[in-house]
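entry16.cif (mmCIF, C-alpha atoms)
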```
data_entry
#
loop_
_atom_site.label_atom_id
_atom_site.label_comp_id
_atom_site.auth_asym_id
_atom_site.auth_seq_id
_atom_site.Cartn_x
_atom_site.Cartn_y
_atom_site.Cartn_z
CA MET U 1 82.90 10.17 -29.09
CA LYS U 2 79.46 8.83 -29.91
CA TRP U 3 76.85 11.34 -28.82
CA ASP U 4 74.05 8.83 -28.61
CA VAL U 5 76.16 6.78 -26.18
CA PHE U 6 77.04 9.96 -24.31
CA LEU U 7 73.37 10.86 -23.94
CA ASP U 8 72.52 7.30 -22.98
CA ALA U 9 75.25 7.12 -20.35
CA PHE U 10 74.67 10.58 -18.91
CA PRO U 11 71.54 9.95 -16.81
CA ILE U 12 72.99 6.68 -15.54
CA VAL U 13 76.31 8.16 -14.46
CA ILE U 14 74.80 11.30 -12.98
CA SER U 15 72.45 9.25 -10.82
CA GLY U 16 75.48 8.48 -8.66
CA ILE U 17 76.29 12.10 -7.97
CA GLY U 18 74.35 12.06 -4.69
CA ILE U 19 76.50 9.25 -3.33
CA THR U 20 79.72 10.88 -4.53
CA LEU U 21 78.86 14.23 -2.99
CA GLY U 22 77.39 12.61 0.10
CA LEU U 23 80.58 10.68 0.71
CA THR U 24 82.65 13.81 0.14
CA ILE U 25 80.64 15.81 2.64
CA ALA U 26 80.40 13.04 5.22
CA SER U 27 84.09 12.22 5.19
CA PHE U 28 85.06 15.88 5.11
CA LEU U 29 82.91 16.69 8.14
CA PHE U 30 84.45 13.72 9.89
CA ALA U 31 87.92 15.00 9.00
CA LEU U 32 87.09 18.54 10.20
CA ILE U 33 85.93 17.32 13.59
CA PHE U 34 88.48 14.57 14.03
CA GLY U 35 91.24 16.96 12.97
CA PHE U 36 90.81 18.75 16.30
CA PHE U 37 91.50 15.48 18.04
CA TRP U 38 94.96 15.25 16.44
CA THR U 39 95.66 18.90 17.16
CA PHE U 40 94.90 18.51 20.83
CA THR U 41 96.85 15.27 21.18
CA GLN U 42 99.87 17.24 19.98
CA ARG U 43 99.39 19.63 22.88
CA ILE U 44 99.34 16.99 25.62
CA PRO U 45 101.99 18.12 28.09
CA ILE U 46 103.19 14.56 28.74
CA LYS U 47 105.60 14.25 25.84
CA PRO U 48 105.70 10.45 25.34
CA ILE U 49 101.91 10.36 24.93
CA ALA U 50 102.04 13.20 22.42
CA TRP U 51 104.76 11.31 20.54
CA ILE U 52 102.62 8.18 20.32
CA PHE U 53 99.87 10.19 18.67
CA THR U 54 102.36 11.89 16.37
CA TRP U 55 103.56 8.48 15.33
CA ILE U 56 100.02 7.20 14.66
CA MET U 57 99.30 10.34 12.66
CA GLU U 58 102.48 9.92 10.64
CA PHE U 59 101.56 6.29 10.01
CA ILE U 60 98.10 7.19 8.70
CA ARG U 61 99.49 9.96 6.53
CA SER U 62 102.25 7.82 5.07
CA THR U 63 100.09 4.89 4.01
CA PRO U 64 97.85 5.07 0.93
CA PRO U 65 94.17 5.82 1.50
CA LEU U 66 93.36 2.84 -0.72
CA VAL U 67 95.12 0.50 1.71
CA GLN U 68 93.23 2.10 4.59
CA LEU U 69 89.90 1.67 2.81
CA PHE U 70 90.64 -1.99 2.18
CA PHE U 71 91.74 -2.41 5.76
CA ILE U 72 88.56 -0.92 7.19
CA TYR U 73 86.28 -2.75 4.79
CA TYR U 74 87.93 -6.17 4.53
CA ALA U 75 90.36 -6.52 7.45
CA TYR U 76 88.68 -4.68 10.31
CA PRO U 77 85.75 -7.17 10.55
CA MET U 78 88.32 -9.88 11.23
CA VAL U 79 90.00 -8.09 14.12
CA PRO U 80 89.20 -10.09 17.27
CA HIS U 81 86.82 -8.54 19.85
CA ILE U 82 86.45 -5.06 18.36
CA GLY U 83 86.00 -6.04 14.73
CA MET U 84 82.68 -5.56 12.98
CA THR U 85 81.38 -5.44 9.46
CA LEU U 86 80.70 -1.96 8.15
CA ASP U 87 78.77 -1.13 5.03
CA PRO U 88 80.74 0.34 2.11
CA PHE U 89 79.59 3.93 2.64
CA THR U 90 80.44 3.94 6.36
CA SER U 91 83.80 2.29 5.68
CA ALA U 92 84.62 4.86 3.02
CA THR U 93 83.52 7.76 5.27
CA LEU U 94 85.76 6.48 8.06
CA GLY U 95 88.66 5.65 5.77
CA LEU U 96 88.79 8.92 3.90
CA GLY U 97 87.71 10.88 6.98
CA ILE U 98 90.51 9.52 9.15
CA HIS U 99 93.11 9.87 6.42
CA PHE U 100 92.24 13.50 5.76
CA SER U 101 91.80 14.34 9.44
CA THR U 102 95.56 13.94 9.84
CA TYR U 103 96.13 16.66 7.24
CA ILE U 104 93.42 18.87 8.67
CA GLY U 105 94.87 18.43 12.16
CA GLU U 106 98.18 19.68 10.88
CA VAL U 107 96.46 22.69 9.30
CA TYR U 108 94.75 23.54 12.59
CA ARG U 109 98.07 23.24 14.38
CA SER U 110 99.72 25.71 12.02
CA GLY U 111 96.79 28.08 12.49
CA ILE U 112 96.99 27.90 16.28
CA GLU U 113 100.73 28.38 16.30
CA GLY U 114 100.23 31.39 14.07
CA VAL U 115 98.34 33.21 16.82
CA GLU U 116 100.68 35.52 18.71
CA LYS U 117 101.79 34.62 22.20
CA GLY U 118 100.52 38.04 23.33
CA GLN U 119 96.95 36.96 22.58
CA TRP U 120 97.26 34.16 25.13
CA GLU U 121 98.72 36.57 27.64
CA ALA U 122 96.04 39.19 27.08
CA SER U 123 93.34 36.59 27.60
CA THR U 124 95.08 35.40 30.76
CA ALA U 125 95.28 38.98 32.00
CA LEU U 126 91.54 39.37 31.38
CA ASN U 127 91.02 36.17 33.37
CA PHE U 128 89.38 34.07 30.69
CA SER U 129 88.98 30.39 31.48
CA THR U 130 90.93 27.93 29.36
CA ARG U 131 87.79 27.15 27.40
CA GLN U 132 87.04 30.84 26.79
CA LYS U 133 90.60 31.47 25.66
CA TRP U 134 90.14 28.86 22.98
CA THR U 135 86.63 29.74 21.88
CA LYS U 136 86.73 33.53 22.18
CA VAL U 137 90.31 34.41 21.36
CA ILE U 138 92.52 31.71 19.86
CA LEU U 139 90.32 29.70 17.49
CA PRO U 140 88.54 32.71 15.94
CA GLN U 141 91.99 33.96 14.95
CA ALA U 142 93.56 30.60 14.15
CA ILE U 143 90.89 29.19 11.83
CA PRO U 144 90.22 31.91 9.20
CA PRO U 145 93.79 31.97 7.83
CA THR U 146 93.59 28.20 7.34
CA ILE U 147 90.38 28.33 5.26
CA PRO U 148 92.17 28.21 1.89
CA MET U 149 94.29 25.24 2.99
CA ILE U 150 91.24 23.43 4.34
CA GLY U 151 89.40 24.21 1.11
CA ASN U 152 92.22 22.73 -0.91
CA TYR U 153 91.99 19.55 1.11
CA LEU U 154 88.26 19.47 0.45
CA ILE U 155 88.92 19.50 -3.28
CA ILE U 156 91.67 16.89 -2.98
CA LEU U 157 89.35 14.72 -0.89
CA PHE U 158 86.59 15.12 -3.49
CA LYS U 159 88.96 13.83 -6.12
CA GLU U 160 89.93 10.86 -3.93
CA VAL U 161 86.30 9.79 -3.50
CA PRO U 162 86.33 7.51 -6.61
CA LEU U 163 88.70 5.29 -4.59
CA ALA U 164 85.63 4.24 -2.64
CA SER U 165 84.32 2.47 -5.76
CA THR U 166 86.91 -0.23 -4.99
CA ILE U 167 84.96 -1.23 -1.90
CA GLY U 168 81.60 -0.95 -3.62
CA VAL U 169 80.38 2.59 -3.02
CA ILE U 170 78.29 3.19 -6.11
CA GLY U 171 79.16 6.77 -7.02
CA ILE U 172 79.58 8.26 -10.47
CA MET U 173 82.89 6.43 -10.97
CA GLN U 174 81.50 2.97 -10.26
CA LEU U 175 78.46 3.63 -12.47
CA ALA U 176 80.69 4.76 -15.33
CA GLN U 177 82.83 1.66 -15.01
CA ASP U 178 79.77 -0.58 -14.94
CA TYR U 179 78.39 1.16 -18.00
CA GLY U 180 81.69 0.68 -19.79
CA ALA U 181 81.91 -2.97 -18.85
CA LYS U 182 78.42 -3.69 -20.08
CA SER U 183 78.46 -1.74 -23.35
CA TRP U 184 82.20 -1.73 -24.03
CA ASN U 185 82.02 2.04 -24.37
CA TYR U 186 84.43 3.56 -21.86
CA LEU U 187 85.18 6.87 -23.51
CA GLU U 188 81.79 8.47 -23.00
CA PRO U 189 80.98 7.49 -19.39
CA LEU U 190 84.48 8.31 -18.16
CA THR U 191 84.41 11.65 -19.98
CA ILE U 192 81.17 12.40 -18.17
CA VAL U 193 82.85 11.58 -14.86
CA ALA U 194 85.76 13.89 -15.67
CA ILE U 195 83.40 16.72 -16.65
CA LEU U 196 81.34 16.30 -13.51
CA PHE U 197 84.46 16.49 -11.36
CA LEU U 198 85.61 19.57 -13.20
CA ILE U 199 82.34 21.47 -12.91
CA LEU U 200 82.16 20.69 -9.19
CA SER U 201 85.80 21.29 -8.27
CA TYR U 202 86.34 24.52 -10.09
CA PRO U 203 83.41 26.51 -8.64
CA SER U 204 84.34 25.14 -5.20
CA ALA U 205 87.80 26.60 -5.62
CA ILE U 206 86.28 29.97 -6.47
CA LEU U 207 83.87 29.74 -3.57
CA ILE U 208 86.67 28.99 -1.14
CA ASN U 209 88.59 31.96 -2.45
CA LYS U 210 85.60 34.20 -1.77
CA LEU U 211 85.11 32.75 1.69
CA GLU U 212 88.75 33.42 2.46
CA LYS U 213 88.37 37.07 1.50
CA LYS U 214 85.22 37.39 3.56
CA MET U 215 86.87 35.86 6.62
CA ASN U 216 89.85 38.15 6.26
CA ARG U 217 87.70 41.21 5.89
CA ARG U 218 86.26 40.58 9.32
CA PHE U 219 89.35 41.89 10.99
CA ASP U 220 91.94 42.74 8.43
CA LYS U 221 93.61 46.02 7.73
CA LYS U 222 92.60 46.14 4.08
CA GLU U 223 89.23 47.55 4.98
CA ALA U 224 89.07 51.24 4.17
CA ILE U 225 88.85 53.41 7.24
CA LYS U 226 86.01 55.86 7.34
CA THR U 227 87.40 58.43 9.71
CA THR U 228 86.02 61.79 10.57
CA HIS U 229 89.23 63.41 9.40
CA SER U 230 88.39 63.41 5.74
CA ARG U 231 90.58 65.36 3.40
CA GLU U 232 87.85 66.89 1.33
CA GLY U 233 89.20 70.36 1.88
CA ALA U 234 92.67 69.43 0.77
CA VAL U 235 94.24 70.84 -2.36
CA MET U 236 93.26 69.09 -5.53
CA MET Q 1 117.87 66.42 47.14
CA ILE Q 2 117.06 64.89 50.50
CA GLU Q 3 114.96 67.90 51.35
CA SER Q 4 112.92 67.68 48.21
CA THR Q 5 112.25 64.01 48.86
CA LYS Q 6 110.99 64.96 52.26
CA THR Q 7 108.57 67.52 50.93
CA HIS Q 8 107.35 64.98 48.46
CA LYS Q 9 106.67 62.53 51.26
CA ASP Q 10 104.90 65.16 53.35
CA ALA Q 11 102.63 65.99 50.48
CA HIS Q 12 101.64 62.37 50.18
CA ASN Q 13 101.42 61.65 53.83
CA SER Q 14 98.41 59.40 53.42
CA PHE Q 15 100.58 56.85 51.61
CA GLU Q 16 102.70 56.46 54.71
CA GLU Q 17 99.83 55.34 56.89
CA ALA Q 18 98.01 53.04 54.52
CA GLU Q 19 98.76 49.34 54.30
CA PRO Q 20 100.57 48.51 51.06
CA ILE Q 21 98.34 47.14 48.32
CA VAL Q 22 101.22 45.42 46.58
CA THR Q 23 104.26 43.98 48.32
CA TYR Q 24 107.23 42.17 46.79
CA LYS Q 25 109.34 40.22 49.30
CA ASN Q 26 112.77 39.07 48.19
CA VAL Q 27 111.50 38.15 44.74
CA HIS Q 28 113.94 36.36 42.45
CA LYS Q 29 113.41 35.45 38.84
CA SER Q 30 115.65 33.46 36.56
CA PHE Q 31 115.23 32.59 32.91
CA GLY Q 32 117.30 29.45 32.56
CA GLU Q 33 120.80 30.31 33.70
CA VAL Q 34 120.23 34.04 33.73
CA GLU Q 35 119.04 35.55 36.98
CA VAL Q 36 117.18 38.69 36.01
CA LEU Q 37 115.78 39.73 39.39
CA LYS Q 38 117.99 39.24 42.40
CA GLY Q 39 115.77 39.85 45.38
CA ILE Q 40 113.22 42.57 44.73
CA ASP Q 41 111.62 44.24 47.76
CA LEU Q 42 108.90 46.68 46.93
CA GLU Q 43 105.90 48.23 48.60
CA ILE Q 44 103.19 50.11 46.80
CA LYS Q 45 100.48 51.94 48.73
CA PRO Q 46 96.89 52.35 47.51
CA ALA Q 47 96.48 55.17 44.97
CA GLU Q 48 100.22 55.52 44.74
CA LYS Q 49 101.62 55.88 41.24
CA VAL Q 50 104.96 54.23 40.72
CA ALA Q 51 107.31 54.52 37.76
CA LEU Q 52 109.88 51.79 37.20
CA ILE Q 53 112.91 53.12 35.40
CA GLY Q 54 115.93 51.19 34.22
CA PRO Q 55 117.93 50.14 31.18
CA SER Q 56 116.45 47.61 28.80
CA GLY Q 57 116.82 44.04 29.93
CA SER Q 58 116.95 45.04 33.58
CA GLY Q 59 113.67 43.29 34.41
CA LYS Q 60 111.08 46.09 34.58
CA THR Q 61 108.62 44.18 32.45
CA THR Q 62 109.31 40.97 34.34
CA ILE Q 63 108.38 42.66 37.62
CA ILE Q 64 105.05 43.71 36.12
CA ARG Q 65 104.42 40.41 34.38
CA MET Q 66 104.80 38.61 37.70
CA LEU Q 67 102.13 40.89 39.15
CA MET Q 68 99.83 40.04 36.22
CA THR Q 69 100.54 36.33 36.94
CA LEU Q 70 102.10 35.80 33.54
CA GLU Q 71 105.53 34.92 34.94
CA ARG Q 72 106.05 32.79 38.04
CA PRO Q 73 108.74 34.07 40.42
CA THR Q 74 111.62 31.65 40.96
CA SER Q 75 111.50 32.46 44.69
CA GLY Q 76 110.10 35.08 47.04
CA HIS Q 77 106.56 36.27 47.61
CA ILE Q 78 104.20 38.80 46.11
CA ILE Q 79 101.29 39.96 48.22
CA VAL Q 80 98.33 41.79 46.74
CA ASP Q 81 95.73 43.30 49.06
CA GLY Q 82 96.74 40.95 51.87
CA ASN Q 83 96.68 37.79 49.75
CA TYR Q 84 99.61 35.85 48.43
CA LEU Q 85 99.57 36.03 44.66
CA TRP Q 86 101.64 33.00 43.76
CA HIS Q 87 101.18 30.98 46.93
CA VAL Q 88 98.47 29.53 49.11
CA GLU Q 89 98.75 28.69 52.78
CA LYS Q 90 98.26 25.05 53.61
CA ASN Q 91 98.88 23.62 57.09
CA GLY Q 92 100.78 26.77 58.00
CA LYS Q 93 103.11 26.38 55.03
CA LEU Q 94 103.18 28.35 51.80
CA ILE Q 95 102.86 26.20 48.73
CA PRO Q 96 102.81 27.27 45.06
CA ALA Q 97 99.34 28.26 43.94
CA ASN Q 98 97.43 26.48 41.20
CA GLU Q 99 95.59 28.06 38.28
CA ARG Q 100 92.35 28.21 40.22
CA HIS Q 101 93.89 30.43 42.90
CA LEU Q 102 95.46 32.61 40.22
CA ARG Q 103 92.09 33.10 38.55
CA GLU Q 104 90.68 34.32 41.85
CA VAL Q 105 93.42 36.80 42.62
CA ARG Q 106 94.10 38.22 39.17
CA GLY Q 107 90.55 39.47 38.77
CA ASP Q 108 91.47 42.79 40.38
CA ILE Q 109 94.64 43.33 38.38
CA GLY Q 110 94.77 44.92 34.96
CA MET Q 111 97.60 45.39 32.54
CA VAL Q 112 98.33 47.37 29.41
CA PHE Q 113 100.79 45.38 27.34
CA GLN Q 114 103.79 46.85 25.61
CA HIS Q 115 102.35 45.78 22.28
CA PHE Q 116 98.79 46.28 23.57
CA ASN Q 117 97.74 42.79 22.42
CA LEU Q 118 94.24 43.82 21.46
CA PHE Q 119 92.07 41.10 19.98
CA PRO Q 120 92.26 41.76 16.23
CA HIS Q 121 89.06 39.86 15.42
CA MET Q 122 86.92 42.02 17.70
CA THR Q 123 85.82 45.61 17.42
CA ILE Q 124 87.12 48.12 19.95
CA LEU Q 125 83.88 47.86 21.87
CA GLU Q 126 83.96 44.06 21.87
CA ASN Q 127 87.57 44.16 23.04
CA CYS Q 128 86.43 46.06 26.12
CA MET Q 129 83.21 44.26 26.94
CA THR Q 130 84.08 40.61 26.26
CA ALA Q 131 85.77 40.00 29.60
CA PRO Q 132 83.10 41.70 31.74
CA ILE Q 133 80.39 39.68 29.99
CA HIS Q 134 82.08 36.30 29.93
CA VAL Q 135 84.37 36.43 32.95
CA GLN Q 136 82.58 38.65 35.45
CA LYS Q 137 79.20 37.52 34.08
CA GLU Q 138 77.97 41.10 33.97
CA ASN Q 139 74.81 41.54 31.94
CA LYS Q 140 75.41 42.56 28.39
CA ALA Q 141 73.64 45.92 28.44
CA SER Q 142 75.48 47.26 31.46
CA ALA Q 143 78.83 45.91 30.27
CA LYS Q 144 78.27 47.64 26.97
CA GLN Q 145 77.24 50.84 28.68
CA ARG Q 146 80.33 50.82 30.90
CA SER Q 147 82.65 49.99 28.00
CA ILE Q 148 81.26 52.83 25.92
CA GLU Q 149 81.76 55.23 28.83
CA MET Q 150 85.32 53.99 29.25
CA LEU Q 151 86.08 54.42 25.57
CA GLU Q 152 84.54 57.87 25.53
CA LYS Q 153 86.70 58.77 28.50
CA VAL Q 154 89.82 57.90 26.51
CA GLY Q 155 88.49 59.82 23.51
CA LEU Q 156 87.51 56.91 21.30
CA GLY Q 157 83.76 57.29 21.43
CA ASP Q 158 83.61 57.61 17.64
CA LYS Q 159 85.62 54.43 17.02
CA LEU Q 160 83.51 51.85 18.84
CA GLU Q 161 82.93 49.72 15.77
CA ALA Q 162 86.47 50.03 14.40
CA TYR Q 163 88.90 47.11 14.48
CA PRO Q 164 92.31 47.43 16.14
CA SER Q 165 94.07 47.25 12.79
CA GLN Q 166 92.35 50.50 11.81
CA LEU Q 167 93.78 52.42 14.75
CA SER Q 168 97.05 54.22 15.29
CA GLY Q 169 99.49 53.08 17.97
CA GLY Q 170 98.32 55.67 20.45
CA GLN Q 171 94.66 54.87 19.88
CA LYS Q 172 95.39 51.17 20.41
CA GLN Q 173 97.10 52.03 23.66
CA ARG Q 174 94.04 53.91 24.84
CA VAL Q 175 91.82 50.94 23.97
CA ALA Q 176 94.19 48.71 25.93
CA MET Q 177 93.79 51.04 28.91
CA ALA Q 178 90.03 50.99 28.63
CA ARG Q 179 90.07 47.20 28.37
CA ALA Q 180 92.35 46.77 31.37
CA SER Q 181 90.24 48.93 33.65
#
```
So that I can check it, write out the structure of this file as structure tokens.
Amino acid sequence: MKWDVFLDAFPIVISGIGITLGLTIASFLFALIFGFFWTFTQRIPIKPIAWIFTWIMEFIRSTPPLVQLFFIYYAYPMVPHIGMTLDPFTSATLGLGIHFSTYIGEVYRSGIEGVEKGQWEASTALNFSTRQKWTKVILPQAIPPTIPMIGNYLIILFKEVPLASTIGVIGIMQLAQDYGAKSWNYLEPLTIVAILFLILSYPSAILINKLEKKMNRRFDKKEAIKTTHSREGAVM
Amino acid sequence: MIESTKTHKDAHNSFEEAEPIVTYKNVHKSFGEVEVLKGIDLEIKPAEKVALIGPSGSGKTTIIRMLMTLERPTSGHIIVDGNYLWHVEKNGKLIPANERHLREVRGDIGMVFQHFNLFPHMTILENCMTAPIHVQKENKASAKQRSIEMLEKVGLGDKLEAYPSQLSGGQKQRVAMARAS
């Protein structure tokens, strides 16, 4: 490791951090929103239609994100009628966003199925509309337990973002590669990339853990009960 | 035995004259192959308190769940306050009601569930006032006021901000009663 190279490469590589984080956030938001789409397609009462969506979801999940990125960037513009050229960042947002939305959709589904049947019945008995059942009763209970799983997908997605360098999104990975190609020093720029990923992933993991605890505390039993029946007078 | 029944009826003479508030007419209910209810006929007068007693699996809960519109009868009719619960009249014929009709008629019915089914993510107070605010569109202050009074009535005035998981079984049941009323 040559420290002068390290110091030389550092500002160059880190200048791509905005793009890398931006792509992570954009595609993750896309996945969070689009995930609901998959969840609700699974609940369509007409079974064959639900199956078609299940099959599409399975297809997206079972093919590599790299292939999907290439498809959106290189092949989609050539599709007759609906095809159009998308810039690298948009392509990568769509590609990673759609790929991860299939996982997120599955997480939502598990969360929703985890809500007791009695909660649906109680909200029917109280005459909530379908929309109110979802927004007031089901989703507030379904989502918090899935936070750690969703957080894990965020970190996995973050680590998949360098894939976007293959279609020309200039994030830290692409800049490190360029630096290596020009100076023939790969060790230092790639080490910087690894360190940057580490220092961003690890605190995120801790943050998600904290968020999970906070969400649970909102209605969990672990909270100490401050009752009026204190036992101060009891025998010590 | 007969005599005592008679006295009982005399004491509650007003029930005899009033129109029934709830009527079951030849109500059947099957779950798959199993026919649980084989023609229930039942009349309940206003202010009358009725206890359903029977061995487990005999369909007591099913009878109540049909009244709360959680279980659709296989055949027969249920009439609440003069209106068909599960049916609407169209061209002189009774046809199965849709969700919209059910929303209209179930507004006046309340139920305390066996497992209470309180909303675990809401405080006791929120459990009681959510439906009045969002379903009956009552203003927030008066819904809150009424809910607090209800909860005080069932002896939970000091637990308004507690969550269901912090309550005992009996306390949960009382919240469920306050919520249903």
All residues 9 Å or closer to U:Lys133, all atoms listed in the file, same chain fewer than 3 positions away omitted, as a PyMOL selection string: chain U and resi 119-120+123-124+128-130+136-139
Find the spatial neighbours of stretch 32-38 of chain U, counting only C-alpha atoms, within a cut-off of 7 Å - ignore same-chain residues fewer than 4 positions away - and output them as a PyMOL selection string. chain U and resi 28+42+101-102+104-105
For chain Q, which residues have at least one atom within 9 Å of chain U, if we go by only C-alpha atoms? Write them as a ChimeraX atom specification, please. /Q:68-70,102-104,106-107,109-113,115-123,130-132,134-135,158-159,162-166,179-180
For stretch 37-42 of chain Q, work out the shell of residues within 10 Å, counting only C-alpha atoms and skipping chain neighbours fewer than 2 positions away, then give it as a PyMOL selection string. chain Q and resi 20+22-31+34-35+44+58-60+62-63+73-78
Store the residues picked out above, limited to C-alpha atoms, as a PDB file, keeping the file's coordinate frame.
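Output (result_24.pdb):
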```pdb
ATOM      1  CA  PRO Q  20     100.570  48.510  51.060  1.00  0.00           C
ATOM      2  CA  VAL Q  22     101.220  45.420  46.580  1.00  0.00           C
ATOM      3  CA  THR Q  23     104.260  43.980  48.320  1.00  0.00           C
ATOM      4  CA  TYR Q  24     107.230  42.170  46.790  1.00  0.00           C
ATOM      5  CA  LYS Q  25     109.340  40.220  49.300  1.00  0.00           C
ATOM      6  CA  ASN Q  26     112.770  39.070  48.190  1.00  0.00           C
ATOM      7  CA  VAL Q  27     111.500  38.150  44.740  1.00  0.00           C
ATOM      8  CA  HIS Q  28     113.940  36.360  42.450  1.00  0.00           C
ATOM      9  CA  LYS Q  29     113.410  35.450  38.840  1.00  0.00           C
ATOM     10  CA  SER Q  30     115.650  33.460  36.560  1.00  0.00           C
ATOM     11  CA  PHE Q  31     115.230  32.590  32.910  1.00  0.00           C
ATOM     12  CA  VAL Q  34     120.230  34.040  33.730  1.00  0.00           C
ATOM     13  CA  GLU Q  35     119.040  35.550  36.980  1.00  0.00           C
ATOM     14  CA  ILE Q  44     103.190  50.110  46.800  1.00  0.00           C
ATOM     15  CA  SER Q  58     116.950  45.040  33.580  1.00  0.00           C
ATOM     16  CA  GLY Q  59     113.670  43.290  34.410  1.00  0.00           C
ATOM     17  CA  LYS Q  60     111.080  46.090  34.580  1.00  0.00           C
ATOM     18  CA  THR Q  62     109.310  40.970  34.340  1.00  0.00           C
ATOM     19  CA  ILE Q  63     108.380  42.660  37.620  1.00  0.00           C
ATOM     20  CA  PRO Q  73     108.740  34.070  40.420  1.00  0.00           C
ATOM     21  CA  THR Q  74     111.620  31.650  40.960  1.00  0.00           C
ATOM     22  CA  SER Q  75     111.500  32.460  44.690  1.00  0.00           C
ATOM     23  CA  GLY Q  76     110.100  35.080  47.040  1.00  0.00           C
ATOM     24  CA  HIS Q  77     106.560  36.270  47.610  1.00  0.00           C
ATOM     25  CA  ILE Q  78     104.200  38.800  46.110  1.00  0.00           C
TER      26      ILE Q  78
END
```
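Distances from U:Ile167, U:Leu94, U:Leu207, U:Ile56 to U:Asn152 were compared using all atoms listed in the file, and the smallest one belongs to U:Leu207.
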Near stretch 153-155 of chain Q, within 12 Å and counting all atoms listed in the file, which residues show up once chain neighbours fewer than 3 positions away are dropped, as a VMD selection string? chain Q and resid 146 to 150 158 to 160 170 to 179 181
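Straight-line separation from atom CA of U:Asn209 to atom CA of U:Ile150: 11.2 Å.
Atom CA of U:Ser91 lies 13.8 Å from atom CA of U:Ala31.
One distance worth recording is that between atom CA of U:Tyr186 and atom CA of U:Met173, which is 11.4 Å.
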For the file shown, report as a PyMOL selection string the outcome of the PyMOL selection byres ((chain U and resi 5) around 12) at residue level. chain U and resi 1-4+6-13+176+179-180+183-192
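Here the PyMOL selection byres ((chain U and resi 86) around 12) catches exactly these residues: Leu69, Phe70, Phe71, Ile72, Tyr73, Tyr74, Ala75, Tyr76, Pro77, Met78, Gly83, Met84, Thr85, Asp87, Pro88, Phe89, Thr90, Ser91, Ala92, Thr93, Leu94, Gly95, Ile167 and Gly168 of chain U.
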Would you mind putting back all heavy atoms on stretch 17-21 of chain Q, then writing it out as an mmCIF file, keeping the file's coordinate frame?
```cif
data_model
loop_
_atom_site.group_PDB
_atom_site.id
_atom_site.type_symbol
_atom_site.label_atom_id
_atom_site.label_comp_id
_atom_site.auth_asym_id
_atom_site.auth_seq_id
_atom_site.Cartn_x
_atom_site.Cartn_y
_atom_site.Cartn_z
ATOM 1 N N GLU Q 17 100.641 56.032 55.888
ATOM 2 C CA GLU Q 17 99.830 55.340 56.890
ATOM 3 C C GLU Q 17 99.164 54.085 56.342
ATOM 4 O O GLU Q 17 99.017 53.090 57.042
ATOM 5 C CB GLU Q 17 98.758 56.282 57.432
ATOM 6 C CG GLU Q 17 99.347 57.423 58.243
ATOM 7 C CD GLU Q 17 98.508 58.678 58.166
ATOM 8 O OE1 GLU Q 17 97.317 58.572 57.779
ATOM 9 O OE2 GLU Q 17 99.043 59.757 58.456
ATOM 10 N N ALA Q 18 98.800 54.136 55.070
ATOM 11 C CA ALA Q 18 98.010 53.040 54.520
ATOM 12 C C ALA Q 18 98.834 51.745 54.422
ATOM 13 O O ALA Q 18 100.043 51.781 54.293
ATOM 14 C CB ALA Q 18 97.498 53.420 53.135
ATOM 15 N N GLU Q 19 98.133 50.634 54.520
ATOM 16 C CA GLU Q 19 98.760 49.340 54.300
ATOM 17 C C GLU Q 19 99.099 49.220 52.809
ATOM 18 O O GLU Q 19 98.309 49.648 51.974
ATOM 19 C CB GLU Q 19 97.795 48.218 54.680
ATOM 20 C CG GLU Q 19 97.693 47.977 56.174
ATOM 21 C CD GLU Q 19 98.992 47.472 56.768
ATOM 22 O OE1 GLU Q 19 99.476 46.434 56.304
ATOM 23 O OE2 GLU Q 19 99.535 48.137 57.680
ATOM 24 N N PRO Q 20 100.258 48.627 52.485
ATOM 25 C CA PRO Q 20 100.570 48.510 51.060
ATOM 26 C C PRO Q 20 99.572 47.605 50.349
ATOM 27 O O PRO Q 20 99.097 46.627 50.928
ATOM 28 C CB PRO Q 20 101.974 47.898 51.047
ATOM 29 C CG PRO Q 20 102.187 47.343 52.404
ATOM 30 C CD PRO Q 20 101.320 48.110 53.347
ATOM 31 N N ILE Q 21 99.261 47.972 49.106
ATOM 32 C CA ILE Q 21 98.340 47.140 48.320
ATOM 33 C C ILE Q 21 99.128 46.057 47.592
ATOM 34 O O ILE Q 21 98.639 44.958 47.354
ATOM 35 C CB ILE Q 21 97.488 48.008 47.361
ATOM 36 C CG1 ILE Q 21 96.419 47.181 46.640
ATOM 37 C CG2 ILE Q 21 98.328 48.717 46.322
ATOM 38 C CD1 ILE Q 21 95.060 47.383 47.210
#
```
